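A.B. asks: I'd like to ask some things about the structure below.
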Amino acid sequence: AQTVTQSQPEMSVQEAETVTLSCTYDTSENNYYLFWYKQPPSRQMILVIRQEAYKQQNATENRFSVNFQKAAKSFSLKISDSQLGDTAMYFCAFRARSGTASKLTFGTGTRLQVTL
Amino acid sequence: NAGVMQNPRHLVRRRGQEARLRCSPMKGHSHVYWYRQLPEEGLKFMVYLQKENIIDESGMPKERFSAEFPKEGPSILRIQQVVRGDSAAYFCASSPQTGDLREAFFGQGTRLTVV
């Protein structure tokens, strides 16, 4: 079974600054995907960024990038030039690539507040 | 191309009533997942279905909960004899027919309140 741990229940960052959200996971799988989802007050789950475990290069999507350390089972999210619209809950998630174990396993989330 | 559609958005039921939550996956998607989010918590997997088949129901409570995804029509999550502890947001996600696991598109969820 997989577990995903987010150790920061809440974070705050000033507009235009950079913030890093932490995520660690535990699995015996070798092939998998890792995701960061954003959940604003509207409750919609929005995919922010995705990392494929077999790729060594860290994924980047505009202001969002990850630091993927496979050996350490760590998958942190860096948000650069933070904007007020980034205020939301952020969930880290794991998904095995094999067999029927294709469900997403989520962490408990980090509430990010971007301030002026 | 419409996204994953869930209805209703909000559902209020009295204790003991039945709740039916509907999910229409994206066009071309034949894999449906249901998740439950309790207040201030992350999403917890409940069940994974393909058309007319339950593939993984390891997250479903043993009693009162059932799910189906018929050949025609939306996927239905059914909760019988609801209790206060069933109050939560229920999310549906769908993935492509190809089984591409890089994508999982979520609906906006149904917030169930049991009074």
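Order determines the names: the first chain of the structure tokens is A, the second B, and so forth; residues in each chain are numbered 1 upward, and ligands are numbered 1 upward as they are shown.
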Output as a PyMOL selection string all residues of chain A that backbone DSSP marks as strand (DSSP E).

C.D. replies: chain A and resi 3-5+10-14+19-21+24-26+32-39+46-52+60-61+64-69+74-79+88-96+104-106+110-115

A.B. asks: Extract, using only C-alpha atoms, all DNA, RNA and protein residues at most 12 Å from stretch 77-85 of chain B, discarding same-chain residues fewer than 5 positions from it, and format them as a VMD selection string.

C.D. replies: chain B and resid 6 to 8 11 to 24 32 to 39 46 to 49 57 60 to 70 90 to 92 110 112 to 115

A.B. asks: Could you list, as an NGL selection string, the residues of chain B having an atom within 9 Å of chain A when counting only C-alpha atoms?

C.D. replies: :B and (33 or 40-45 or 47-48 or 55-56 or 89 or 91 or 101-109)

A.B. asks: Quick one: distance from atom CA of B:Lys51 to atom CA of B:Ser30 in Å, one decimal?

C.D. replies: 6.2 Å

A.B. asks: Excluding same-chain residues fewer than 3 positions from stretch 74-82 of chain A, what lies within 7 Å of it counting only C-alpha atoms, as a VMD selection string?

C.D. replies: chain A and resid 15 to 25 63 to 70 86 114

A.B. asks: What is the atom CA of B:Arg9-atom CA of A:Tyr37 distance in Å, reported with one decimal?

C.D. replies: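 Taking atom CA of B:Arg9 as the start and atom CA of A:Tyr37 as the end point, the length is 20.3 Å.
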
A.B. asks: Enter the distance from atom CA of A:Pro40 to atom CA of A:Thr3, in Å, rounded to one decimal.

C.D. replies: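 Atom CA of A:Thr3 lies 23.5 Å from atom CA of A:Pro40.
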
A.B. asks: Kindly indicate which residue among A:Gln6, A:Lys73, A:Ser12, A:Ala1 lies nearest to A:Thr115, using only C-alpha atoms for the distances.

C.D. replies: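 Going through A:Gln6, A:Lys73, A:Ser12, A:Ala1 one by one, the smallest distance to A:Thr115 is for A:Ser12.
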